[in-house]
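A.B. asks: The structure file structure.csv (CSV, C-alpha atoms) is provided below.
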chain,number,residue,atom,x,y,z
A,1,MET,CA,0.0,0.0,0.0
A,2,GLY,CA,1.3,3.5,-0.9
A,3,SER,CA,1.8,6.2,1.6
A,4,PRO,CA,-1.2,8.5,2.4
A,5,ASP,CA,-1.5,11.8,0.5
A,6,PRO,CA,0.6,14.6,2.0
A,7,PRO,CA,-1.2,17.6,3.4
A,8,ALA,CA,-1.8,20.5,1.1
A,9,ARG,CA,1.1,22.8,0.7
A,10,GLY,CA,1.1,26.3,-0.7
A,11,GLY,CA,3.6,28.7,-2.2
A,12,ALA,CA,7.0,27.6,-3.5
A,13,ALA,CA,6.8,24.0,-2.1
A,14,SER,CA,3.7,23.1,-4.1
A,15,SER,CA,5.6,23.8,-7.4
A,16,LEU,CA,8.7,21.8,-6.5
A,17,VAL,CA,9.2,18.1,-7.5
A,18,ALA,CA,11.8,15.9,-5.7
A,19,VAL,CA,14.1,13.9,-7.9
A,20,ILE,CA,16.0,11.0,-6.5
A,21,PRO,CA,18.6,9.1,-8.6
A,22,ALA,CA,18.8,5.5,-7.2
A,23,LEU,CA,21.0,2.5,-7.8
A,24,ASP,CA,20.5,-0.6,-5.7
A,25,ALA,CA,18.9,1.4,-2.9
A,26,ALA,CA,16.2,-1.1,-1.8
A,27,ALA,CA,17.4,-0.9,1.8
A,28,THR,CA,16.8,2.9,2.1
A,29,ILE,CA,14.6,4.2,-0.7
A,30,GLU,CA,11.2,3.7,1.1
A,31,ALA,CA,12.2,5.7,4.1
A,32,VAL,CA,13.8,8.5,1.9
A,33,VAL,CA,10.6,8.8,-0.3
A,34,ALA,CA,8.3,8.8,2.8
A,35,GLY,CA,10.4,11.5,4.4
A,36,VAL,CA,10.4,13.7,1.3
A,37,LEU,CA,6.7,13.3,0.8
A,38,ARG,CA,6.2,15.1,4.1
A,39,HIS,CA,7.4,18.3,2.4
A,40,VAL,CA,6.6,18.1,-1.4
A,41,ARG,CA,3.6,16.7,-3.3
A,42,ARG,CA,5.6,14.7,-5.8
A,43,VAL,CA,8.7,12.5,-5.9
A,44,ILE,CA,10.3,11.0,-9.0
A,45,VAL,CA,12.8,8.2,-8.4
A,46,VAL,CA,15.0,7.4,-11.4
A,47,ASP,CA,16.1,3.7,-11.0
A,48,ASP,CA,19.4,3.7,-12.7
A,49,GLY,CA,19.7,0.1,-13.6
A,50,SER,CA,19.3,-1.4,-10.2
A,51,THR,CA,19.6,-5.2,-9.8
A,52,ASP,CA,17.4,-5.2,-6.7
A,53,ASP,CA,13.8,-4.2,-6.1
A,54,THR,CA,14.5,-0.5,-5.7
A,55,ALA,CA,11.8,0.5,-8.2
A,56,GLU,CA,9.1,-1.5,-6.5
A,57,ARG,CA,9.9,-0.2,-3.1
A,58,ALA,CA,10.0,3.3,-4.4
A,59,ARG,CA,6.5,2.9,-5.9
A,60,ARG,CA,5.2,1.3,-2.7
A,61,ALA,CA,6.4,4.4,-0.8
A,62,GLY,CA,4.5,6.8,-3.1
A,63,ALA,CA,7.1,7.8,-5.7
A,64,GLU,CA,6.8,7.8,-9.5
A,65,VAL,CA,9.5,5.7,-11.0
A,66,LEU,CA,11.4,6.2,-14.2
A,67,ARG,CA,13.8,3.4,-15.1
A,68,HIS,CA,17.1,2.9,-17.0
A,69,PRO,CA,17.4,-0.7,-18.0
A,70,ALA,CA,21.2,-0.5,-17.4
A,71,ASN,CA,23.2,1.8,-15.2
A,72,ARG,CA,24.0,5.1,-17.0
A,73,GLY,CA,25.2,7.2,-14.1
A,74,LYS,CA,23.9,9.9,-11.7
A,75,GLY,CA,24.0,12.7,-14.3
A,76,ALA,CA,22.1,10.6,-16.8
A,77,ALA,CA,19.5,9.9,-14.1
A,78,LEU,CA,19.1,13.6,-13.2
A,79,ALA,CA,18.8,14.4,-16.9
A,80,THR,CA,16.1,11.8,-17.4
A,81,ALA,CA,14.0,13.3,-14.6
A,82,PHE,CA,14.6,16.9,-15.6
A,83,GLU,CA,13.7,16.2,-19.3
A,84,ALA,CA,10.5,14.5,-18.3
A,85,LEU,CA,9.4,17.4,-16.1
A,86,LEU,CA,10.2,20.0,-18.7
A,87,ALA,CA,8.3,17.9,-21.3
A,88,GLU,CA,5.3,17.9,-19.1
A,89,ALA,CA,5.5,21.6,-18.6
A,90,ARG,CA,5.8,22.3,-22.3
A,91,ALA,CA,2.7,20.0,-22.9
A,92,GLY,CA,0.7,22.1,-20.5
A,93,ALA,CA,0.4,19.4,-17.8
A,94,PRO,CA,-1.8,20.5,-14.9
A,95,GLY,CA,0.0,22.1,-12.0
A,96,SER,CA,2.9,24.5,-12.2
A,97,PHE,CA,6.5,23.3,-12.2
A,98,GLY,CA,8.7,25.7,-10.3
A,99,GLY,CA,11.8,23.6,-9.9
A,100,ALA,CA,13.4,20.3,-8.7
A,101,ILE,CA,14.9,19.3,-5.4
A,102,SER,CA,17.5,16.5,-5.8
A,103,LEU,CA,18.8,14.3,-3.0
A,104,ASP,CA,20.5,11.0,-2.6
A,105,ALA,CA,18.7,7.6,-2.3
A,106,ASP,CA,21.0,6.2,0.4
A,107,GLY,CA,19.5,8.1,3.4
A,108,GLN,CA,22.5,10.5,3.9
A,109,HIS,CA,20.4,13.6,3.3
A,110,ASP,CA,17.7,14.6,5.8
A,111,PRO,CA,14.4,15.4,4.0
A,112,ASP,CA,13.6,17.7,6.9
A,113,ASP,CA,16.1,20.2,5.5
A,114,ILE,CA,13.8,20.7,2.5
A,115,PRO,CA,11.8,23.5,4.1
A,116,ALA,CA,15.1,25.5,4.5
A,117,PHE,CA,15.7,25.1,0.7
A,118,VAL,CA,12.1,26.3,0.1
A,119,ASP,CA,12.4,29.3,2.4
A,120,LEU,CA,15.7,30.4,0.7
A,121,TYR,CA,14.2,29.9,-2.7
A,122,ARG,CA,11.1,31.9,-1.9
A,123,ARG,CA,13.2,34.8,-0.5
A,124,GLU,CA,15.9,35.0,-3.2
A,125,ARG,CA,14.9,32.9,-6.2
A,126,PRO,CA,18.4,31.7,-7.0
A,127,ALA,CA,18.9,29.5,-10.1
A,128,LEU,CA,20.6,26.8,-8.0
A,129,ILE,CA,20.9,26.1,-4.2
A,130,VAL,CA,23.5,23.7,-3.0
A,131,GLY,CA,23.3,22.0,0.4
A,132,SER,CA,26.6,22.3,2.2
A,133,ARG,CA,28.0,19.5,4.3
A,134,ASP,CA,31.1,21.5,5.4
A,135,ARG,CA,30.3,21.5,9.1
A,136,ASP,CA,30.7,17.6,8.9
A,137,PHE,CA,33.8,17.6,6.8
A,138,ALA,CA,36.1,16.9,9.8
A,139,ARG,CA,34.3,13.6,10.4
A,140,MET,CA,34.5,12.5,6.8
A,141,TRP,CA,37.0,10.0,5.4
A,142,GLY,CA,40.2,12.0,4.7
A,143,PRO,CA,40.6,11.3,0.9
A,144,ARG,CA,37.0,12.1,0.3
A,145,ARG,CA,37.3,15.4,2.2
A,146,ALA,CA,40.4,16.3,0.3
A,147,MET,CA,38.9,15.6,-3.1
A,148,ASN,CA,35.9,17.7,-2.2
A,149,ARG,CA,38.1,20.6,-1.3
A,150,PHE,CA,40.1,20.2,-4.5
A,151,SER,CA,37.0,20.3,-6.7
A,152,SER,CA,35.7,23.3,-4.8
A,153,ALA,CA,39.0,25.1,-5.3
A,154,SER,CA,38.9,24.3,-9.0
A,155,LEU,CA,35.4,25.8,-9.3
A,156,ARG,CA,36.5,28.9,-7.4
A,157,PHE,CA,39.6,29.3,-9.6
A,158,PHE,CA,38.1,28.7,-13.0
A,159,ALA,CA,34.5,30.0,-12.5
A,160,GLY,CA,34.8,32.5,-9.7
A,161,VAL,CA,32.1,30.6,-7.7
A,162,ASP,CA,33.0,30.1,-4.0
A,163,LEU,CA,31.1,27.3,-2.5
A,164,PRO,CA,32.1,25.4,0.7
A,165,ASP,CA,30.7,22.1,-0.8
A,166,SER,CA,30.7,21.8,-4.6
A,167,GLN,CA,30.0,18.0,-4.7
A,168,SER,CA,26.8,17.9,-2.6
A,169,GLY,CA,23.9,16.2,-4.4
A,170,PHE,CA,21.2,17.9,-2.1
A,171,ARG,CA,20.2,20.8,-4.4
A,172,LEU,CA,17.3,22.9,-5.6
A,173,TYR,CA,17.2,23.7,-9.3
A,174,ASP,CA,14.9,26.5,-10.6
A,175,ALA,CA,12.7,25.5,-13.5
A,176,GLY,CA,13.9,28.4,-15.6
A,177,PHE,CA,17.5,27.3,-15.2
A,178,LEU,CA,16.6,23.7,-16.0
A,179,ALA,CA,14.9,24.9,-19.2
A,180,ARG,CA,18.3,26.3,-20.4
A,181,LEU,CA,20.5,23.5,-19.0
A,182,ARG,CA,21.5,20.5,-21.1
A,183,LEU,CA,23.6,18.1,-19.0
A,184,GLU,CA,26.4,16.4,-21.0
A,185,GLY,CA,28.1,14.6,-18.1
A,186,ARG,CA,26.6,11.2,-17.4
A,187,ARG,CA,28.0,10.7,-13.9
A,188,TYR,CA,28.9,12.9,-10.9
A,189,GLU,CA,30.5,15.5,-13.1
A,190,ALA,CA,27.1,16.6,-14.3
A,191,GLU,CA,26.5,18.4,-11.0
A,192,MET,CA,29.6,20.4,-11.4
A,193,GLU,CA,28.7,21.1,-15.0
A,194,ALA,CA,25.4,22.6,-13.7
A,195,LEU,CA,27.4,25.0,-11.4
A,196,MET,CA,29.7,26.0,-14.3
A,197,ARG,CA,26.7,26.7,-16.5
A,198,ALA,CA,25.0,28.9,-13.9
A,199,ALA,CA,28.3,30.8,-13.4
A,200,GLU,CA,28.7,31.2,-17.2
A,201,TRP,CA,25.2,32.6,-17.5
A,202,ARG,CA,25.7,34.9,-14.4
A,203,LEU,CA,22.8,33.3,-12.6
A,204,PRO,CA,22.6,33.5,-8.8
A,205,ILE,CA,23.9,30.4,-6.9
A,206,ALA,CA,23.3,30.0,-3.2
A,207,SER,CA,24.6,27.7,-0.5
A,208,LEU,CA,22.7,26.3,2.5
A,209,PRO,CA,24.0,24.3,5.5
A,210,ILE,CA,22.5,20.8,5.7
A,211,ARG,CA,22.5,18.0,8.2
A,212,LEU,CA,23.8,14.5,7.4
A,213,ARG,CA,22.2,11.4,8.8
A,214,VAL,CA,25.3,9.4,7.8
A,215,VAL,CA,28.4,11.6,7.8
A,216,ASP,CA,30.7,9.4,5.6
A,217,GLY,CA,28.4,7.2,3.6
A,218,ARG,CA,31.2,5.2,2.0
A,219,ALA,CA,29.2,2.0,2.5
A,220,THR,CA,26.2,3.2,0.6
A,221,SER,CA,27.5,5.8,-1.8
A,222,HIS,CA,28.6,4.9,-5.4
A,223,TYR,CA,30.9,7.9,-5.5
A,224,ARG,CA,34.6,7.0,-6.0
A,225,PRO,CA,36.7,9.9,-4.7
A,226,LEU,CA,39.7,9.7,-7.0
A,227,ARG,CA,38.1,8.7,-10.3
A,228,ASP,CA,34.9,10.8,-9.9
A,229,THR,CA,36.8,13.9,-8.6
A,230,PHE,CA,39.0,13.9,-11.7
A,231,ARG,CA,35.9,13.6,-13.8
A,232,ILE,CA,34.5,16.6,-12.0
A,233,VAL,CA,37.7,18.7,-12.5
A,234,GLY,CA,37.7,17.6,-16.1
A,235,ALA,CA,34.2,19.0,-16.5
A,236,VAL,CA,35.4,22.3,-15.0
A,237,LEU,CA,38.3,22.5,-17.4
A,238,ARG,CA,36.1,21.7,-20.4
A,239,GLN,CA,33.6,24.3,-19.5
A,240,TRP,CA,36.3,26.9,-18.9
A,241,LEU,CA,38.0,26.2,-22.2
A,242,ARG,CA,34.7,26.4,-24.0
A,243,ARG,CA,34.1,29.8,-22.4
A,244,LEU,CA,37.5,31.0,-23.5
A,245,ALA,CA,36.9,29.8,-27.1
A,246,ALA,CA,33.6,31.6,-27.2
A,247,ARG,CA,35.2,34.8,-26.0
A,248,ARG,CA,37.8,34.6,-28.7
A,249,ASP,CA,35.2,34.0,-31.3
A,250,ARG,CA,33.3,37.2,-30.2
A,251,SER,CA,36.5,39.3,-30.2
Reformat the file's structure so that it appears as structure tokens.
C.D. replies:
Amino acid sequence: MGSPDPPARGGAASSLVAVIPALDAAATIEAVVAGVLRHVRRVIVVDDGSTDDTAERARRAGAEVLRHPANRGKGAALATAFEALLAEARAGAPGSFGGAISLDADGQHDPDDIPAFVDLYRRERPALIVGSRDRDFARMWGPRRAMNRFSSASLRFFAGVDLPDSQSGFRLYDAGFLARLRLEGRRYEAEMEALMRAAEWRLPIASLPIRLRVVDGRATSHYRPLRDTFRIVGAVLRQWLRRLAARRDRS
């Protein structure tokens, strides 16, 4: 049996859709979906080629499920959800679409932080809000913490965007930003690509402190610090070089 309908919500929260990329998350996905449905009306889980019953458990908890037959990566999962939501909006589907809140399927992120994202979005309307885990960095595995700082420094140097946590997957994307965004990265680098695009277009980016239910998350996360961080930094360099080439073409 699915979860009961959430209470009516007005304002910005009613126009936001939660998006959860998921890979082999059967142990955690039901609790995550149930927690998110306390704050938003709609949750989309993108089952990215799971070999367990992630999809069925997500549906049982009240989520809509989109599925990749084989694993394609977190960026591809986000792109699938964003494209589906934008297609609905273009087709005039009932209900407004104001933006998407993304969070991880493994239970690290606390859905009760969603109202803080909504409040900040309502006040400032940034294109992108990134949840920051920096107050928990000291308790993270050292290499993961170092790679996060390295990618944040790359973003600061090449794009002029100073964020304490550039790799966090707990985010709010404004619908107008998503309508312009075409993610090319298929894995974790897609989230850095979104930051670089927002910086290139001079759109406002905000940061918000979040709580972590599990500080390290190595047992449940599919993130590989060395490989994925270099993919992220590669995305920064590609976007930077593209911007330089565009400037030369205009001069």
A.B. asks: Ranking A:Leu172, A:Leu66, A:Leu183, A:Val36 by minimum distance to A:Leu120 and counting all atoms listed in the file, which one comes first?
C.D. replies: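 Of all the options, A:Leu172 lies closest to A:Leu120.
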A.B. asks: Tell me which of A:Leu178, A:Arg211, A:Pro111, A:Val40 sits closest to A:Leu195, counting only C-alpha atoms.
C.D. replies: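 Of the candidates, the smallest distance to A:Leu195 is held by A:Leu178.
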A.B. asks: Using all atoms listed in the file, find each residue in stretch 47-155 of chain A having at least one atom no more than 7 Å away from stretch 11-24 of chain A; report its shortest atom-to-atom pair and that distance in Å (one decimal), rows by chain then rising number, as JSON lines.
C.D. replies:
{"residue": "A:Asp47", "atom": "CA", "partner": "A:Ala22", "partner_atom": "CA", "distance": 5.0}
{"residue": "A:Asp48", "atom": "CA", "partner": "A:Leu23", "partner_atom": "CA", "distance": 5.3}
{"residue": "A:Gly49", "atom": "CA", "partner": "A:Leu23", "partner_atom": "CA", "distance": 6.4}
{"residue": "A:Ser50", "atom": "CA", "partner": "A:Asp24", "partner_atom": "CA", "distance": 4.7}
{"residue": "A:Thr51", "atom": "CA", "partner": "A:Asp24", "partner_atom": "CA", "distance": 6.2}
{"residue": "A:Asp52", "atom": "CA", "partner": "A:Asp24", "partner_atom": "CA", "distance": 5.6}
{"residue": "A:Thr54", "atom": "CA", "partner": "A:Asp24", "partner_atom": "CA", "distance": 6.0}
{"residue": "A:Lys74", "atom": "CA", "partner": "A:Pro21", "partner_atom": "CA", "distance": 6.2}
{"residue": "A:Ala77", "atom": "CA", "partner": "A:Pro21", "partner_atom": "CA", "distance": 5.6}
{"residue": "A:Leu78", "atom": "CA", "partner": "A:Pro21", "partner_atom": "CA", "distance": 6.5}
{"residue": "A:Ala81", "atom": "CA", "partner": "A:Val19", "partner_atom": "CA", "distance": 6.7}
{"residue": "A:Ser96", "atom": "CA", "partner": "A:Ser15", "partner_atom": "CA", "distance": 5.6}
{"residue": "A:Phe97", "atom": "CA", "partner": "A:Ser15", "partner_atom": "CA", "distance": 4.9}
{"residue": "A:Gly98", "atom": "CA", "partner": "A:Ser15", "partner_atom": "CA", "distance": 4.7}
{"residue": "A:Gly99", "atom": "CA", "partner": "A:Leu16", "partner_atom": "CA", "distance": 4.9}
{"residue": "A:Ala100", "atom": "CA", "partner": "A:Val17", "partner_atom": "CA", "distance": 4.9}
{"residue": "A:Ile101", "atom": "CA", "partner": "A:Ala18", "partner_atom": "CA", "distance": 4.6}
{"residue": "A:Ser102", "atom": "CA", "partner": "A:Val19", "partner_atom": "CA", "distance": 4.8}
{"residue": "A:Leu103", "atom": "CA", "partner": "A:Ile20", "partner_atom": "CA", "distance": 5.6}
{"residue": "A:Asp104", "atom": "CA", "partner": "A:Ile20", "partner_atom": "CA", "distance": 6.0}
{"residue": "A:Ala105", "atom": "CA", "partner": "A:Ala22", "partner_atom": "CA", "distance": 5.3}
{"residue": "A:Val118", "atom": "CA", "partner": "A:Ala13", "partner_atom": "CA", "distance": 6.2}
{"residue": "A:Arg122", "atom": "CA", "partner": "A:Ala12", "partner_atom": "CA", "distance": 6.2}
A.B. asks: So how far away is atom CA of A:Glu184 from atom CA of A:Glu83, in Å?
C.D. replies: 12.8 Å
A.B. asks: Taking into account all atoms listed in the file, which residue in the set A:Pro94, A:Arg42, A:Gly234, A:Arg59 is nearest to A:Ile29?
C.D. replies: A:Arg59
A.B. asks: If I take atom CA of A:Ser154 and atom CA of A:Arg123, how far is one from the other in Å, to one decimal?
C.D. replies: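 These two atoms are separated by 29.0 Å.
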A.B. asks: If we count all atoms listed in the file and set the cut-off at 12 Å, which residues sit around A:Ala198, ignoring sequence neighbours fewer than 2 positions away in its own chain? Please answer as a ChimeraX atom specification.
C.D. replies: /A:126-129,155,159-161,173-174,176-178,180-182,191-196,200-206,239
A.B. asks: Select, from A:Ala27, A:Thr80, A:Leu237, A:Gly185, the residue with the minimum atom-to-atom distance to A:Glu56, counting only C-alpha atoms.
C.D. replies: A:Ala27
A.B. asks: So how far away is atom CA of A:Ala175 from atom CA of A:Arg133, in Å?
C.D. replies: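 One can read the atom CA of A:Arg133 to atom CA of A:Ala175 distance as 24.2 Å.
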A.B. asks: Looking at A:Leu37, A:Arg67, A:Leu208, A:Arg156, which one is nearest to A:Asp119, with distances taken over all atoms listed in the file?
C.D. replies: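 Comparing A:Leu37, A:Arg67, A:Leu208, A:Arg156 against A:Asp119, the winner is A:Leu208.
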A.B. asks: Kindly indicate which residue among A:Ser132, A:Gln108, A:Ser207, A:Gln167 lies nearest to A:Met147, using only C-alpha atoms for the distances.
C.D. replies: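 Among A:Ser132, A:Gln108, A:Ser207, A:Gln167, it is A:Gln167 that comes nearest to A:Met147.
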A.B. asks: Taking 2 positions as the minimum chain separation for residues in the same chain, which residues sit within 12 Å of A:Gly35 when counting only C-alpha atoms? Answer as a list in words.
C.D. replies: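 The filter keeps Ser3, Pro6, Ala18, Thr28, Ile29, Glu30, Ala31, Val32, Val33, Leu37, Arg38, His39, Val40, Arg41, Arg42, Val43, Ala61, Gly62, Ala63, Leu103, Ala105, Gly107, His109, Asp110, Pro111, Asp112, Asp113 and Ile114 of chain A.
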A.B. asks: Restricted to C-alpha atoms, what would the selected residues look like written as a JSON list (two decimals), in the frame of the given file?
C.D. replies:
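Dumped everything to part35.json:
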[["chain", "number", "residue", "atom", "x", "y", "z"],
["A", 3, "SER", "CA", 1.80, 6.20, 1.60],
["A", 6, "PRO", "CA", 0.60, 14.60, 2.00],
["A", 18, "ALA", "CA", 11.80, 15.90, -5.70],
["A", 28, "THR", "CA", 16.80, 2.90, 2.10],
["A", 29, "ILE", "CA", 14.60, 4.20, -0.70],
["A", 30, "GLU", "CA", 11.20, 3.70, 1.10],
["A", 31, "ALA", "CA", 12.20, 5.70, 4.10],
["A", 32, "VAL", "CA", 13.80, 8.50, 1.90],
["A", 33, "VAL", "CA", 10.60, 8.80, -0.30],
["A", 37, "LEU", "CA", 6.70, 13.30, 0.80],
["A", 38, "ARG", "CA", 6.20, 15.10, 4.10],
["A", 39, "HIS", "CA", 7.40, 18.30, 2.40],
["A", 40, "VAL", "CA", 6.60, 18.10, -1.40],
["A", 41, "ARG", "CA", 3.60, 16.70, -3.30],
["A", 42, "ARG", "CA", 5.60, 14.70, -5.80],
["A", 43, "VAL", "CA", 8.70, 12.50, -5.90],
["A", 61, "ALA", "CA", 6.40, 4.40, -0.80],
["A", 62, "GLY", "CA", 4.50, 6.80, -3.10],
["A", 63, "ALA", "CA", 7.10, 7.80, -5.70],
["A", 103, "LEU", "CA", 18.80, 14.30, -3.00],
["A", 105, "ALA", "CA", 18.70, 7.60, -2.30],
["A", 107, "GLY", "CA", 19.50, 8.10, 3.40],
["A", 109, "HIS", "CA", 20.40, 13.60, 3.30],
["A", 110, "ASP", "CA", 17.70, 14.60, 5.80],
["A", 111, "PRO", "CA", 14.40, 15.40, 4.00],
["A", 112, "ASP", "CA", 13.60, 17.70, 6.90],
["A", 113, "ASP", "CA", 16.10, 20.20, 5.50],
["A", 114, "ILE", "CA", 13.80, 20.70, 2.50]]
